[in-house]
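> Quick one: this structure, given as C-alpha cells, is what I'll be asking you about.
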Amino acid sequence: MKIIFKIIFTALAVLVLAHFLPGVALAKPESAIYVAIVLGLLRITVKPLLIFFTLPATIVSLGLFLFVINAVVVLIADYFVDGFAVSGFWIALLFSILLSFLQSVLYSFLKEKKK
C-alpha cells in the first residue's frame with residue numbers, strides 16, 4: 001500500500017514541477033503517473049549501475065556527481081515516456097533536485113508515528 005502512495009506522491013510532485021518549471025512539459029496529467037513508475041524502475045535498475053561505473057568521479061567530487069546521475073535518470077525517463085519532455089541537462093538537474101526535495105516532504109506523511 002505504501003508503494004502506491006509513493007507513486008501517487010511522486011506523480012503529484014511531477015505535476016507541480018511540470019507546471020512551474022519552464023523546460024519540463026507533460027502532455028496530459030496521466031503522463032505523471034507513467035513518469036513516476038518509470039523513475040521508480042530506473043532508480044532501482046539503472047541508477048545503481050551508473051553509481052558503480054562512476055564511483056571514482058563520485059568519490060573525487062565528494063558525492064556531488066550523484067546529482068549528475070539523477071539528472072541522467074530523468075533524461076532517460078524523458079526518453080521512455082512519450083508525454084514527458086525535459087528540454088536539457090540543466091533543466092533535468094534542477095528538476096531532479098526539486099523532485100527529491102518534494103518527495104522527501106511528501107514521503108514524510110507516510111512515516112508511522114511511534115508511541
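Just so we're on the same page: first chain in the C-alpha cells is A, next is B, and so on; residues restart at 1 for each chain, and ligands are numbered from 1 in the order they show up.
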Write out as a ChimeraX atom specification which residues come within 12 Å of Ile7 in chain A when counting only C-alpha atoms, dropping same-chain ones fewer than 4 positions away.

/A:1-3,11-14,32-41,103,106-107

> Would you mind exporting the chosen residues as a PDB file, in the first residue's frame, restricted to N, CA and C atoms?


ATOM      1  N   MET A   1       0.824  -1.189   0.000  1.00  0.00           N
ATOM      2  CA  MET A   1       0.000   0.000   0.000  1.00  0.00           C
ATOM      3  C   MET A   1       0.872   1.257   0.000  1.00  0.00           C
ATOM      4  N   LYS A   2       2.005   1.156   0.728  1.00  0.00           N
ATOM      5  CA  LYS A   2       2.897   2.304   0.824  1.00  0.00           C
ATOM      6  C   LYS A   2       3.483   2.668  -0.535  1.00  0.00           C
ATOM      7  N   ILE A   3       3.752   1.667  -1.368  1.00  0.00           N
ATOM      8  CA  ILE A   3       4.348   1.935  -2.677  1.00  0.00           C
ATOM      9  C   ILE A   3       3.369   2.664  -3.590  1.00  0.00           C
ATOM     10  N   ALA A  11       3.994  11.291  -8.596  1.00  0.00           N
ATOM     11  CA  ALA A  11       3.237  11.835  -9.726  1.00  0.00           C
ATOM     12  C   ALA A  11       2.736  13.241  -9.418  1.00  0.00           C
ATOM     13  N   LEU A  12       2.300  13.470  -8.201  1.00  0.00           N
ATOM     14  CA  LEU A  12       1.862  14.803  -7.787  1.00  0.00           C
ATOM     15  C   LEU A  12       3.023  15.801  -7.852  1.00  0.00           C
ATOM     16  N   ALA A  13       4.196  15.387  -7.387  1.00  0.00           N
ATOM     17  CA  ALA A  13       5.374  16.253  -7.438  1.00  0.00           C
ATOM     18  C   ALA A  13       5.771  16.548  -8.882  1.00  0.00           C
ATOM     19  N   VAL A  14       5.683  15.547  -9.757  1.00  0.00           N
ATOM     20  CA  VAL A  14       5.997  15.756 -11.174  1.00  0.00           C
ATOM     21  C   VAL A  14       5.015  16.739 -11.794  1.00  0.00           C
ATOM     22  N   ALA A  32       2.066  11.876 -15.754  1.00  0.00           N
ATOM     23  CA  ALA A  32       2.808  12.000 -14.498  1.00  0.00           C
ATOM     24  C   ALA A  32       2.884  10.663 -13.772  1.00  0.00           C
ATOM     25  N   ILE A  33       1.844   9.862 -13.868  1.00  0.00           N
ATOM     26  CA  ILE A  33       1.869   8.541 -13.233  1.00  0.00           C
ATOM     27  C   ILE A  33       2.868   7.648 -13.942  1.00  0.00           C
ATOM     28  N   TYR A  34       2.894   7.712 -15.273  1.00  0.00           N
ATOM     29  CA  TYR A  34       3.875   6.931 -16.030  1.00  0.00           C
ATOM     30  C   TYR A  34       5.298   7.364 -15.696  1.00  0.00           C
ATOM     31  N   VAL A  35       5.500   8.667 -15.557  1.00  0.00           N
ATOM     32  CA  VAL A  35       6.823   9.182 -15.193  1.00  0.00           C
ATOM     33  C   VAL A  35       7.231   8.666 -13.819  1.00  0.00           C
ATOM     34  N   ALA A  36       6.297   8.679 -12.877  1.00  0.00           N
ATOM     35  CA  ALA A  36       6.593   8.210 -11.522  1.00  0.00           C
ATOM     36  C   ALA A  36       6.981   6.729 -11.532  1.00  0.00           C
ATOM     37  N   ILE A  37       6.270   5.928 -12.312  1.00  0.00           N
ATOM     38  CA  ILE A  37       6.572   4.496 -12.377  1.00  0.00           C
ATOM     39  C   ILE A  37       7.920   4.262 -13.052  1.00  0.00           C
ATOM     40  N   VAL A  38       8.163   4.958 -14.165  1.00  0.00           N
ATOM     41  CA  VAL A  38       9.428   4.786 -14.891  1.00  0.00           C
ATOM     42  C   VAL A  38      10.603   5.271 -14.044  1.00  0.00           C
ATOM     43  N   LEU A  39      10.445   6.401 -13.354  1.00  0.00           N
ATOM     44  CA  LEU A  39      11.522   6.877 -12.480  1.00  0.00           C
ATOM     45  C   LEU A  39      11.812   5.868 -11.369  1.00  0.00           C
ATOM     46  N   GLY A  40      10.774   5.290 -10.807  1.00  0.00           N
ATOM     47  CA  GLY A  40      10.978   4.279  -9.774  1.00  0.00           C
ATOM     48  C   GLY A  40      11.727   3.070 -10.303  1.00  0.00           C
ATOM     49  N   LEU A  41      11.346   2.606 -11.486  1.00  0.00           N
ATOM     50  CA  LEU A  41      12.025   1.455 -12.079  1.00  0.00           C
ATOM     51  C   LEU A  41      13.472   1.773 -12.445  1.00  0.00           C
ATOM     52  N   GLN A 103       9.690  15.047  -2.885  1.00  0.00           N
ATOM     53  CA  GLN A 103       9.432  13.674  -2.467  1.00  0.00           C
ATOM     54  C   GLN A 103       9.722  13.490  -0.982  1.00  0.00           C
ATOM     55  N   LEU A 106       6.803  15.035   0.871  1.00  0.00           N
ATOM     56  CA  LEU A 106       5.576  14.262   0.749  1.00  0.00           C
ATOM     57  C   LEU A 106       5.690  12.886   1.404  1.00  0.00           C
ATOM     58  N   TYR A 107       6.851  12.253   1.309  1.00  0.00           N
ATOM     59  CA  TYR A 107       7.037  10.939   1.922  1.00  0.00           C
ATOM     60  C   TYR A 107       7.034  11.020   3.440  1.00  0.00           C
TER      61      TYR A 107
END

> Between CA of Ala25 in chain A and CA of Ala85 in chain A, what distance in Å does the model show, to one decimal?

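Computed distance, CA of Ala25 in chain A to CA of Ala85 in chain A, equals 5.1 Å.
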
> Leaving out Val46 in chain A and any residue of its chain fewer than 2 positions from it, which residues lie within 12 Å of it when counting only C-alpha atoms, given as an MDAnalysis selection string?

chainID A and resid 38:44 48:53 69:70 72:74 76:77

> Using C-alpha atoms, can you write the selected residues to a file as a tab-separated table (two decimals), in the first residue's frame?


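The resulting file, part_21.tsv, is shown below:
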chain	number	residue	atom	x	y	z
A	38	VAL	CA	9.43	4.79	-14.89
A	39	LEU	CA	11.52	6.88	-12.48
A	40	GLY	CA	10.98	4.28	-9.77
A	41	LEU	CA	12.02	1.46	-12.08
A	42	LEU	CA	15.07	3.36	-13.33
A	43	ARG	CA	16.12	4.18	-9.78
A	44	ILE	CA	16.20	0.52	-8.80
A	48	PRO	CA	22.98	1.53	-9.11
A	49	LEU	CA	24.83	0.62	-12.30
A	50	LEU	CA	25.59	4.26	-13.03
A	51	ILE	CA	26.80	4.77	-9.48
A	52	PHE	CA	29.05	1.71	-9.73
A	53	PHE	CA	30.63	2.72	-13.03
A	69	ILE	CA	23.43	10.71	-12.15
A	70	ASN	CA	19.96	11.80	-11.00
A	72	VAL	CA	20.72	11.37	-16.33
A	73	VAL	CA	17.99	9.18	-14.85
A	74	VAL	CA	15.46	11.97	-15.50
A	76	ILE	CA	16.31	8.51	-19.56
A	77	ALA	CA	12.75	8.76	-18.22

> One number please: CA of Phe95 in chain A to CA of Leu26 in chain A, in Å, one decimal.

13.2 Å

> Mind checking which residues fall within 8 Å of range 65-68 of chain A, counting only C-alpha atoms, ignoring those fewer than 2 positions away in the same chain, and posting them as a list in words?

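Skipping anything fewer than 2 positions along the chain leaves Ile51, Ala57, Thr58, Ser61, Leu62, Gly63, Asn70, Ala71, Val72, Leu93, Ser96 and Ile97 of chain A.
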
> Which of chain A counts as strand (DSSP E) under DSSP, as a ChimeraX atom specification please?

/A:24-26,84-86

> Kindly export the residues of the current selection with C-alpha atoms, as an mmCIF file, in the first residue's frame.


data_model
loop_
_atom_site.group_PDB
_atom_site.id
_atom_site.type_symbol
_atom_site.label_atom_id
_atom_site.label_comp_id
_atom_site.auth_asym_id
_atom_site.auth_seq_id
_atom_site.Cartn_x
_atom_site.Cartn_y
_atom_site.Cartn_z
ATOM 1 C CA VAL A 24 9.556 20.469 -18.328
ATOM 2 C CA ALA A 25 6.328 19.552 -20.073
ATOM 3 C CA LEU A 26 3.618 16.970 -19.596
ATOM 4 C CA PHE A 84 7.005 13.842 -20.746
ATOM 5 C CA ALA A 85 9.633 16.237 -22.091
ATOM 6 C CA VAL A 86 12.693 17.826 -20.491
#

> From the set A:Lys47, A:Val105, A:Gly23, A:Leu110, which residue has the shortest atom-to-atom contact distance to Phe89 in chain A, counting only C-alpha atoms?

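With only C-alpha atoms as the atom set, the closest residue is A:Gly23.
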
> How many Å lie between CA of Ser100 in chain A and CA of Thr45 in chain A, rounded to one decimal?

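CA of Thr45 in chain A lies 17.8 Å from CA of Ser100 in chain A.
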
> Report as a PyMOL selection string: the residues of chain A with a DSSP assignment of helix (DSSP H, G or I), based on the backbone of this structure.

chain A and resi 2-20+31-53+55-60+65-80+89-110

> Find the spatial neighbours of Pro22 in chain A, counting only C-alpha atoms, within a cut-off of 12 Å - ignore same-chain residues fewer than 6 positions away - and output them as a PyMOL selection string.

chain A and resi 16+85-88+90-92+94-95
